[in-house]
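> Quick one, protein-v7.txt (compact mmCIF, C-alpha atoms):
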```txt
# COMPACT_ATOMS: atom_id res chain seq x y z
CA MET H 7 6.47 -22.04 -76.11
CA THR H 8 6.15 -21.92 -72.31
CA ASN H 9 6.31 -25.24 -70.54
CA LYS H 10 3.22 -25.84 -68.41
CA LEU H 11 2.90 -27.97 -65.29
CA ALA H 12 -0.58 -28.97 -64.14
CA ILE H 13 -1.03 -29.84 -60.46
CA ILE H 14 -4.09 -31.74 -59.23
CA HIS H 15 -4.80 -31.05 -55.54
CA THR H 16 -7.36 -32.45 -53.10
CA THR H 17 -6.91 -29.56 -50.66
CA PRO H 18 -6.18 -25.84 -51.12
CA VAL H 19 -3.46 -26.24 -48.43
CA THR H 20 -0.93 -27.54 -50.98
CA VAL H 21 -1.48 -24.87 -53.67
CA ASP H 22 0.78 -22.06 -52.43
CA SER H 23 3.62 -24.27 -51.19
CA LEU H 24 3.83 -26.23 -54.47
CA LYS H 25 3.61 -23.04 -56.53
CA ALA H 26 6.54 -21.64 -54.52
CA LEU H 27 8.55 -24.85 -55.04
CA ALA H 28 7.82 -24.80 -58.77
CA ALA H 29 8.92 -21.16 -58.97
CA GLU H 30 12.19 -22.09 -57.22
CA LEU H 31 12.99 -25.36 -59.02
CA LEU H 32 11.27 -24.80 -62.39
CA PRO H 33 11.77 -21.12 -63.25
CA GLY H 34 9.85 -20.09 -66.34
CA VAL H 35 7.40 -23.01 -66.10
CA HIS H 36 3.76 -21.92 -65.95
CA VAL H 37 1.79 -23.69 -63.19
CA MET H 38 -1.91 -24.53 -63.52
CA ASN H 39 -3.84 -25.78 -60.48
CA TRP H 40 -6.93 -27.96 -60.22
CA VAL H 41 -8.36 -28.26 -56.69
CA ASP H 42 -11.15 -30.67 -55.71
CA ASP H 43 -11.66 -30.50 -51.96
CA SER H 44 -14.58 -32.97 -52.07
CA ILE H 45 -12.28 -35.97 -52.63
CA LEU H 46 -10.81 -36.41 -49.14
CA PRO H 47 -14.18 -36.21 -47.33
CA GLN H 48 -15.54 -38.78 -49.81
CA LEU H 49 -12.60 -41.13 -49.15
CA ALA H 50 -12.99 -40.65 -45.40
CA ALA H 51 -16.65 -41.66 -45.71
CA ASN H 52 -16.11 -44.65 -48.03
CA GLY H 53 -13.06 -46.13 -46.29
CA GLY H 54 -10.55 -45.03 -48.91
CA GLN H 55 -12.25 -46.57 -51.98
CA ILE H 56 -10.34 -44.71 -54.72
CA ASP H 57 -12.35 -46.49 -57.46
CA GLU H 58 -15.14 -43.98 -56.80
CA ILE H 59 -12.75 -41.12 -57.61
CA GLU H 60 -11.01 -42.66 -60.63
CA ASP H 61 -13.22 -41.28 -63.40
CA ARG H 62 -13.17 -37.75 -61.96
CA PHE H 63 -9.39 -37.85 -61.57
CA ARG H 64 -8.98 -39.06 -65.16
CA GLN H 65 -11.15 -36.16 -66.37
CA TYR H 66 -8.95 -33.63 -64.54
CA ALA H 67 -5.83 -35.19 -66.08
CA LEU H 68 -7.32 -35.14 -69.59
CA ILE H 69 -8.47 -31.52 -69.14
CA ALA H 70 -4.95 -30.58 -67.98
CA GLU H 71 -3.49 -32.22 -71.09
CA LYS H 72 -5.98 -30.36 -73.33
CA ALA H 73 -5.04 -27.11 -71.57
CA GLY H 74 -1.48 -27.58 -72.83
CA ALA H 75 0.28 -29.12 -69.82
CA SER H 76 3.50 -30.91 -70.68
CA CYS H 77 3.49 -32.73 -67.32
CA ILE H 78 1.00 -33.38 -64.49
CA LEU H 79 1.79 -33.67 -60.77
CA SER H 80 -0.75 -35.47 -58.57
CA ALA H 81 -0.35 -33.72 -55.21
CA CYS H 82 -2.37 -36.13 -53.07
CA SER H 83 -0.98 -39.36 -51.62
CA SER H 84 -4.46 -40.71 -50.81
CA ILE H 85 -5.19 -41.08 -54.54
CA GLY H 86 -1.60 -41.73 -55.67
CA GLU H 87 -2.45 -45.21 -56.92
CA LEU H 88 -4.74 -43.69 -59.56
CA VAL H 89 -1.71 -42.25 -61.36
CA ALA H 90 -0.64 -45.62 -62.81
CA ARG H 91 -4.23 -46.32 -63.90
CA VAL H 92 -4.62 -42.99 -65.71
CA GLN H 93 -1.15 -42.75 -67.33
CA PRO H 94 -2.00 -45.09 -70.28
CA GLN H 95 -4.77 -42.71 -71.41
CA LEU H 96 -2.45 -39.68 -71.48
CA GLN H 97 0.15 -38.51 -74.00
CA ILE H 98 2.06 -36.64 -71.25
CA PRO H 99 3.73 -37.91 -68.05
CA ILE H 100 1.80 -37.85 -64.78
CA ILE H 101 3.80 -38.09 -61.56
CA ARG H 102 2.69 -38.98 -58.05
CA ILE H 103 4.14 -36.58 -55.53
CA ASP H 104 5.34 -39.27 -53.11
CA ASP H 105 7.08 -41.57 -55.62
CA ALA H 106 10.59 -40.12 -55.25
CA MET H 107 10.19 -39.88 -51.46
CA ALA H 108 9.36 -43.59 -51.18
CA GLU H 109 12.42 -44.53 -53.27
CA PHE H 110 14.63 -42.32 -51.12
CA ALA H 111 13.22 -43.80 -47.89
CA VAL H 112 13.91 -47.36 -49.04
CA SER H 113 17.49 -46.50 -50.00
CA SER H 114 18.07 -44.69 -46.68
CA ALA H 115 16.85 -47.00 -43.91
CA GLN H 116 15.84 -50.49 -42.86
CA THR H 117 13.16 -49.32 -40.45
CA ILE H 118 10.88 -46.70 -41.96
CA GLY H 119 8.30 -44.71 -40.03
CA VAL H 120 5.15 -43.58 -41.86
CA ALA H 121 3.13 -40.80 -40.27
CA ALA H 122 -0.23 -39.48 -41.44
CA THR H 123 -3.09 -37.43 -40.06
CA LEU H 124 -5.53 -39.19 -42.41
CA GLU H 125 -6.15 -42.95 -42.37
CA THR H 126 -6.83 -42.86 -46.14
CA THR H 127 -3.25 -41.74 -46.84
CA LEU H 128 -1.53 -44.28 -44.63
CA GLN H 129 -2.23 -47.50 -46.53
CA PRO H 130 -1.35 -46.19 -50.04
CA THR H 131 1.93 -44.80 -48.68
CA LYS H 132 2.80 -48.09 -46.96
CA ARG H 133 1.98 -50.02 -50.16
CA LEU H 134 4.13 -47.65 -52.20
CA ILE H 135 7.12 -48.09 -49.86
CA SER H 136 6.68 -51.88 -49.79
CA GLY H 137 6.55 -51.92 -53.61
CA LYS H 138 9.71 -49.83 -53.89
CA ALA H 139 11.48 -52.11 -51.38
CA GLU H 140 10.45 -55.16 -53.40
CA GLN H 141 11.77 -53.56 -56.62
CA ALA H 142 15.05 -52.79 -54.86
CA GLY H 143 15.24 -56.32 -53.42
CA LYS H 144 15.40 -54.92 -49.91
CA ASP H 145 13.70 -56.00 -46.69
CA VAL H 146 12.27 -53.06 -44.79
CA ARG H 147 10.17 -52.79 -41.64
CA ILE H 148 7.44 -50.17 -41.56
CA GLU H 149 6.20 -48.56 -38.35
CA SER H 150 3.14 -46.37 -38.84
CA ILE H 151 0.97 -43.95 -36.89
CA VAL H 152 -2.10 -41.81 -37.63
CA ALA H 153 -2.40 -38.53 -35.74
CA LYS H 154 -6.19 -38.34 -36.10
CA SER H 155 -6.84 -35.68 -33.48
CA ALA H 156 -4.24 -33.39 -35.09
CA TYR H 157 -6.29 -33.48 -38.30
CA GLN H 158 -9.49 -32.71 -36.37
CA LYS H 159 -7.77 -29.62 -34.96
CA LEU H 160 -6.79 -28.52 -38.45
CA LEU H 161 -10.42 -28.83 -39.58
CA THR H 162 -11.53 -26.51 -36.77
CA GLY H 163 -8.89 -23.97 -37.80
CA ASP H 164 -6.54 -24.68 -34.88
CA LYS H 165 -3.30 -24.75 -36.91
CA GLU H 166 -1.14 -24.27 -33.84
CA GLY H 167 -2.77 -27.16 -31.97
CA HIS H 168 -2.42 -29.35 -35.08
CA ASP H 169 1.28 -28.50 -35.40
CA GLU H 170 2.07 -29.12 -31.72
CA GLU H 171 0.29 -32.46 -31.63
CA LEU H 172 1.77 -33.63 -34.91
CA ALA H 173 5.29 -32.57 -33.86
CA ALA H 174 5.01 -34.73 -30.71
CA VAL H 175 3.77 -37.74 -32.71
CA LEU H 176 6.55 -37.34 -35.30
CA ARG H 177 9.28 -37.11 -32.68
CA SER H 178 8.10 -40.28 -30.91
CA LEU H 179 8.06 -42.17 -34.23
CA ALA H 180 11.52 -40.82 -35.16
CA ALA H 181 12.94 -42.25 -31.93
CA LYS H 182 12.05 -45.79 -33.12
CA THR H 183 12.96 -45.59 -36.83
CA GLY H 184 15.75 -44.72 -39.26
CA VAL H 185 13.70 -42.24 -41.29
CA VAL H 186 10.14 -40.97 -41.02
CA VAL H 187 8.07 -40.48 -44.15
CA LEU H 188 5.35 -37.83 -44.01
CA ALA H 189 2.40 -39.35 -45.85
CA GLN H 190 0.83 -35.96 -46.67
CA ALA H 191 2.40 -33.00 -48.43
CA SER H 192 0.53 -30.69 -46.02
CA MET H 193 2.53 -32.07 -43.05
CA ALA H 194 5.85 -30.69 -44.34
CA ARG H 195 5.47 -27.26 -42.73
CA VAL H 196 5.54 -28.82 -39.24
CA ILE H 197 9.01 -30.20 -39.93
CA SER H 198 10.23 -26.79 -41.06
CA GLN H 199 9.91 -25.68 -37.42
CA PHE H 200 12.36 -28.37 -36.22
CA ALA H 201 16.11 -27.79 -35.80
CA SER H 202 18.00 -28.51 -39.05
CA GLU H 203 19.79 -31.53 -37.54
CA GLU H 204 16.45 -33.03 -36.50
CA GLN H 205 14.87 -32.32 -39.89
CA LYS H 206 17.30 -34.73 -41.57
CA GLN H 207 15.40 -37.74 -40.20
CA PHE H 208 12.13 -36.72 -41.88
CA LEU H 209 11.18 -37.06 -45.53
CA SER H 210 8.38 -35.04 -47.08
CA SER H 211 7.10 -35.38 -50.60
CA PRO H 212 6.82 -31.81 -51.98
CA ARG H 213 10.49 -31.00 -52.69
CA LEU H 214 11.44 -34.55 -53.73
CA GLY H 215 8.29 -34.74 -55.88
CA MET H 216 9.00 -31.41 -57.57
CA LEU H 217 12.63 -32.44 -58.20
CA ARG H 218 11.28 -35.56 -59.94
CA VAL H 219 9.00 -33.31 -62.04
CA LYS H 220 12.04 -31.18 -62.96
CA GLN H 221 13.96 -34.29 -64.01
CA VAL H 222 11.07 -35.52 -66.16
CA MET H 223 10.38 -32.11 -67.75
CA GLU H 224 14.05 -31.63 -68.62
CA GLN H 225 13.94 -34.90 -70.56
CA LEU H 226 10.83 -33.98 -72.57
```
Just dump the structure as structure tokens.

Amino acid sequence: MTNKLAIIHTTPVTVDSLKALAAELLPGVHVMNWVDDSILPQLAANGGQIDEIEDRFRQYALIAEKAGASCILSACSSIGELVARVQPQLQIPIIRIDDAMAEFAVSSAQTIGVAATLETTLQPTKRLISGKAEQAGKDVRIESIVAKSAYQKLLTGDKEGHDEELAAVLRSLAAKTGVVVLAQASMARVISQFASEEQKQFLSSPRLGMLRVKQVMEQL
């Protein structure tokens, strides 16, 4: 029987990159994608109230389980905190994409930068890092920044403008911190344009998240 991984996305931007990562790290695993691009606009309008999304997210997870998934990856950091709420109702593991990244950040540095282009992603990511630091018994300092205008450029289709602006914001944050965590999976491609030495200071969730999925699926 083919192993199946279900991925729940809140933007089509993450579909191809996560499919490519799954093909590389989980050969032979069949990937199923659920995309709901109404979630992020709703969170932007309601100030990040994930309670409004919880029932819908649970339905997607239950549908994925019924469709034969042996594991679910939640690809959106803005709704990452719903994963722990939904897990008890599932017979299969559900993983938040930024969990492994947050653990790695805490083990790597005392001062951690968190960069986002969406306000709704910033707070959940900071809470996740603080929680991981507490579990590890470590004191960390978090410096954060939201590149709002970069996101606006992305919405108007100006990918190049988005990338340039975000790159500048990320470099200024990196100058003040030990590592910089990218709060959104969609930000990872900007880092791929940096020199390899510079890339080492930035952590993005897709690869670390997919490696965690691999680890979990190998244990099933």
> Kindly give the distance, in Å, that separates atom CA of Arg102 of chain H and atom CA of Leu179 of chain H, rounded to a single decimal.
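Distance between the two atoms: 24.6 Å.
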> Identify, on the basis of all atoms listed in the file, every residue whose closest approach to Arg62 of chain H does not exceed 12 Å; exclude the query and any residue fewer than 4 positions from it along the same chain; express the result as a PyMOL selection string.
chain H and resi 14+16+40-42+44-45+56-58+66-69+85+88+92
> Check the smallest atom-to-atom distance from each of H:Ile98, H:Asp164, H:Leu27, H:Thr117 to Ala75 of chain H using all atoms listed in the file, then report the winner.
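The answer is H:Ile98, which sits nearest to Ala75 of chain H.
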> Find the residues near segment 167-174 of chain H: any atom within 6 Å, counting all atoms listed in the file, skip ones fewer than 3 places away on the same chain, and give them as a list in words.
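My list of contacting residues is Ala156, Lys159, Leu160, Asp164, Arg177 and Val196 of chain H.
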> Counting only C-alpha atoms, find residues at most 10 Å from (-0.5, -45.2, -59.4) (file frame) and give them as number ranges by chain.
H: 80, 83, 85-93, 100-102, 105, 130, 134
> Enter the distance from atom CA of Met216 of chain H to atom CA of Gly137 of chain H, in Å, rounded to one decimal.
21.0 Å
> Quick one: distance from atom CA of Glu224 of chain H to atom CA of Asp22 of chain H in Å, one decimal?
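Atom CA of Asp22 of chain H lies 23.0 Å from atom CA of Glu224 of chain H.
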> Name all residues at most 10 Å from Arg147 of chain H (count only C-alpha atoms; drop same-chain ones fewer than 4 positions away) and give them as a list of chain:residue names.
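Once the nearby chain positions are removed, what remains is H:Val112, H:Ala115, H:Gln116, H:Thr117, H:Ile118, H:Gly119, H:Ile135, H:Ser136, H:Ala139, H:Thr183.
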> Under the rule of at most 9 Å, produce a per-residue listing of segment 29-104 of chain H near segment 197-211 of chain H: chain, number, name, the closest pair of atoms, and the distance in Å, as CSV, using all atoms listed in the file.

```
residue,atom,partner,partner_atom,distance
H:Ala81,CA,H:Ser211,CA,8.9
H:Ile103,CA,H:Ser211,CA,5.9
H:Asp104,CA,H:Ser211,CA,5.0
```
> Step by step: start from the point (-5.0, -25.1, -69.4) in the file's coordinates, keep every protein, DNA or RNA residue that has an atom no farther than 10 Å from it, count only C-alpha atoms, and write the set as a list in words.
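Protein, DNA and RNA residues close to (-5.0, -25.1, -69.4): Lys10, Leu11, Ala12, His36, Val37, Met38, Asn39, Trp40, Ile69, Ala70, Glu71, Lys72, Ala73, Gly74 and Ala75 of chain H.
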> Those selected residues, please, written with C-alpha atoms and delivered as a PDB file, keeping the file's coordinate frame.

```
ATOM      1  CA  LYS H  10       3.220 -25.840 -68.410  1.00  0.00           C
ATOM      2  CA  LEU H  11       2.900 -27.970 -65.290  1.00  0.00           C
ATOM      3  CA  ALA H  12      -0.580 -28.970 -64.140  1.00  0.00           C
ATOM      4  CA  HIS H  36       3.760 -21.920 -65.950  1.00  0.00           C
ATOM      5  CA  VAL H  37       1.790 -23.690 -63.190  1.00  0.00           C
ATOM      6  CA  MET H  38      -1.910 -24.530 -63.520  1.00  0.00           C
ATOM      7  CA  ASN H  39      -3.840 -25.780 -60.480  1.00  0.00           C
ATOM      8  CA  TRP H  40      -6.930 -27.960 -60.220  1.00  0.00           C
ATOM      9  CA  ILE H  69      -8.470 -31.520 -69.140  1.00  0.00           C
ATOM     10  CA  ALA H  70      -4.950 -30.580 -67.980  1.00  0.00           C
ATOM     11  CA  GLU H  71      -3.490 -32.220 -71.090  1.00  0.00           C
ATOM     12  CA  LYS H  72      -5.980 -30.360 -73.330  1.00  0.00           C
ATOM     13  CA  ALA H  73      -5.040 -27.110 -71.570  1.00  0.00           C
ATOM     14  CA  GLY H  74      -1.480 -27.580 -72.830  1.00  0.00           C
ATOM     15  CA  ALA H  75       0.280 -29.120 -69.820  1.00  0.00           C
TER      16      ALA H  75
END
```
> Determine the nearest neighbour of Leu124 of chain H from the options H:Lys154, H:Arg195, H:Lys144, H:Lys138, counting only C-alpha atoms.
H:Lys154
> Restricting the calculation to all atoms listed in the file: of H:Val21, H:Ala191, H:Leu214, H:Ile13, which residue gets closest to Ala108 of chain H?
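Using all atoms listed in the file, Ala108 of chain H sits closest to H:Leu214.
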> Just checking: using all atoms listed in the file, which residue out of H:Leu226, H:Val120, H:Val219, H:Ile59 ends up closest to Ser178 of chain H?
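Selected residue with least distance to Ser178 of chain H: H:Val120.
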> Write segment 13-24 of chain H as a PDB file, keeping the file's coordinate frame, completed to all heavy atoms.

```pdb
ATOM      1  N   ILE H  13      -1.037 -29.167 -61.766  1.00  0.00           N
ATOM      2  CA  ILE H  13      -1.030 -29.840 -60.460  1.00  0.00           C
ATOM      3  C   ILE H  13      -2.470 -30.110 -60.042  1.00  0.00           C
ATOM      4  O   ILE H  13      -3.308 -29.204 -60.050  1.00  0.00           O
ATOM      5  CB  ILE H  13      -0.302 -29.013 -59.377  1.00  0.00           C
ATOM      6  CG1 ILE H  13       1.097 -28.585 -59.857  1.00  0.00           C
ATOM      7  CG2 ILE H  13      -0.187 -29.821 -58.084  1.00  0.00           C
ATOM      8  CD1 ILE H  13       1.882 -27.739 -58.859  1.00  0.00           C
ATOM      9  N   ILE H  14      -2.750 -31.362 -59.701  1.00  0.00           N
ATOM     10  CA  ILE H  14      -4.090 -31.740 -59.230  1.00  0.00           C
ATOM     11  C   ILE H  14      -4.022 -31.899 -57.706  1.00  0.00           C
ATOM     12  O   ILE H  14      -3.275 -32.732 -57.187  1.00  0.00           O
ATOM     13  CB  ILE H  14      -4.578 -33.044 -59.900  1.00  0.00           C
ATOM     14  CG1 ILE H  14      -4.594 -32.889 -61.431  1.00  0.00           C
ATOM     15  CG2 ILE H  14      -5.978 -33.421 -59.395  1.00  0.00           C
ATOM     16  CD1 ILE H  14      -4.875 -34.170 -62.204  1.00  0.00           C
ATOM     17  N   HIS H  15      -4.802 -31.069 -57.008  1.00  0.00           N
ATOM     18  CA  HIS H  15      -4.800 -31.050 -55.540  1.00  0.00           C
ATOM     19  C   HIS H  15      -6.139 -31.566 -54.995  1.00  0.00           C
ATOM     20  O   HIS H  15      -7.177 -31.421 -55.652  1.00  0.00           O
ATOM     21  CB  HIS H  15      -4.671 -29.613 -55.011  1.00  0.00           C
ATOM     22  CG  HIS H  15      -3.522 -28.827 -55.560  1.00  0.00           C
ATOM     23  ND1 HIS H  15      -2.346 -28.648 -54.877  1.00  0.00           N
ATOM     24  CD2 HIS H  15      -3.383 -28.120 -56.728  1.00  0.00           C
ATOM     25  CE1 HIS H  15      -1.534 -27.873 -55.593  1.00  0.00           C
ATOM     26  NE2 HIS H  15      -2.132 -27.554 -56.714  1.00  0.00           N
ATOM     27  N   THR H  16      -6.109 -32.095 -53.777  1.00  0.00           N
ATOM     28  CA  THR H  16      -7.360 -32.450 -53.100  1.00  0.00           C
ATOM     29  C   THR H  16      -7.612 -31.527 -51.902  1.00  0.00           C
ATOM     30  O   THR H  16      -8.560 -31.730 -51.150  1.00  0.00           O
ATOM     31  CB  THR H  16      -7.342 -33.910 -52.610  1.00  0.00           C
ATOM     32  OG1 THR H  16      -6.210 -34.076 -51.758  1.00  0.00           O
ATOM     33  CG2 THR H  16      -7.272 -34.883 -53.764  1.00  0.00           C
ATOM     34  N   THR H  17      -6.739 -30.545 -51.712  1.00  0.00           N
ATOM     35  CA  THR H  17      -6.910 -29.560 -50.660  1.00  0.00           C
ATOM     36  C   THR H  17      -6.242 -28.259 -51.096  1.00  0.00           C
ATOM     37  O   THR H  17      -5.178 -28.303 -51.725  1.00  0.00           O
ATOM     38  CB  THR H  17      -6.297 -30.028 -49.319  1.00  0.00           C
ATOM     39  OG1 THR H  17      -6.270 -28.914 -48.397  1.00  0.00           O
ATOM     40  CG2 THR H  17      -4.890 -30.561 -49.478  1.00  0.00           C
ATOM     41  N   PRO H  18      -6.827 -27.110 -50.762  1.00  0.00           N
ATOM     42  CA  PRO H  18      -6.180 -25.840 -51.120  1.00  0.00           C
ATOM     43  C   PRO H  18      -4.869 -25.623 -50.356  1.00  0.00           C
ATOM     44  O   PRO H  18      -4.050 -24.794 -50.744  1.00  0.00           O
ATOM     45  CB  PRO H  18      -7.224 -24.777 -50.733  1.00  0.00           C
ATOM     46  CG  PRO H  18      -8.208 -25.455 -49.859  1.00  0.00           C
ATOM     47  CD  PRO H  18      -8.161 -26.906 -50.176  1.00  0.00           C
ATOM     48  N   VAL H  19      -4.662 -26.397 -49.282  1.00  0.00           N
ATOM     49  CA  VAL H  19      -3.460 -26.240 -48.430  1.00  0.00           C
ATOM     50  C   VAL H  19      -2.165 -26.396 -49.221  1.00  0.00           C
ATOM     51  O   VAL H  19      -1.164 -25.757 -48.929  1.00  0.00           O
ATOM     52  CB  VAL H  19      -3.503 -27.260 -47.252  1.00  0.00           C
ATOM     53  CG1 VAL H  19      -2.211 -27.238 -46.452  1.00  0.00           C
ATOM     54  CG2 VAL H  19      -4.678 -26.961 -46.330  1.00  0.00           C
ATOM     55  N   THR H  20      -2.171 -27.249 -50.244  1.00  0.00           N
ATOM     56  CA  THR H  20      -0.930 -27.540 -50.980  1.00  0.00           C
ATOM     57  C   THR H  20      -0.662 -26.579 -52.143  1.00  0.00           C
ATOM     58  O   THR H  20       0.405 -26.617 -52.738  1.00  0.00           O
ATOM     59  CB  THR H  20      -0.959 -28.988 -51.528  1.00  0.00           C
ATOM     60  OG1 THR H  20      -2.220 -29.217 -52.177  1.00  0.00           O
ATOM     61  CG2 THR H  20      -0.789 -30.012 -50.423  1.00  0.00           C
ATOM     62  N   VAL H  21      -1.620 -25.715 -52.467  1.00  0.00           N
ATOM     63  CA  VAL H  21      -1.480 -24.870 -53.670  1.00  0.00           C
ATOM     64  C   VAL H  21      -0.293 -23.910 -53.567  1.00  0.00           C
ATOM     65  O   VAL H  21       0.600 -23.917 -54.421  1.00  0.00           O
ATOM     66  CB  VAL H  21      -2.787 -24.094 -53.972  1.00  0.00           C
ATOM     67  CG1 VAL H  21      -2.571 -23.132 -55.134  1.00  0.00           C
ATOM     68  CG2 VAL H  21      -3.914 -25.066 -54.312  1.00  0.00           C
ATOM     69  N   ASP H  22      -0.264 -23.089 -52.526  1.00  0.00           N
ATOM     70  CA  ASP H  22       0.780 -22.060 -52.430  1.00  0.00           C
ATOM     71  C   ASP H  22       2.182 -22.652 -52.278  1.00  0.00           C
ATOM     72  O   ASP H  22       3.140 -22.184 -52.888  1.00  0.00           O
ATOM     73  CB  ASP H  22       0.497 -21.095 -51.274  1.00  0.00           C
ATOM     74  CG  ASP H  22      -0.675 -20.166 -51.591  1.00  0.00           C
ATOM     75  OD1 ASP H  22      -1.021 -20.048 -52.788  1.00  0.00           O
ATOM     76  OD2 ASP H  22      -1.249 -19.579 -50.659  1.00  0.00           O
ATOM     77  N   SER H  23       2.289 -23.696 -51.436  1.00  0.00           N
ATOM     78  CA  SER H  23       3.620 -24.270 -51.190  1.00  0.00           C
ATOM     79  C   SER H  23       4.187 -24.924 -52.453  1.00  0.00           C
ATOM     80  O   SER H  23       5.380 -24.797 -52.749  1.00  0.00           O
ATOM     81  CB  SER H  23       3.571 -25.283 -50.039  1.00  0.00           C
ATOM     82  OG  SER H  23       2.623 -26.300 -50.303  1.00  0.00           O
ATOM     83  N   LEU H  24       3.343 -25.595 -53.233  1.00  0.00           N
ATOM     84  CA  LEU H  24       3.830 -26.230 -54.470  1.00  0.00           C
ATOM     85  C   LEU H  24       4.107 -25.199 -55.558  1.00  0.00           C
ATOM     86  O   LEU H  24       5.039 -25.356 -56.348  1.00  0.00           O
ATOM     87  CB  LEU H  24       2.854 -27.305 -54.954  1.00  0.00           C
ATOM     88  CG  LEU H  24       2.815 -28.582 -54.097  1.00  0.00           C
ATOM     89  CD1 LEU H  24       1.761 -29.548 -54.591  1.00  0.00           C
ATOM     90  CD2 LEU H  24       4.174 -29.275 -54.052  1.00  0.00           C
TER      91      LEU H  24
END
```
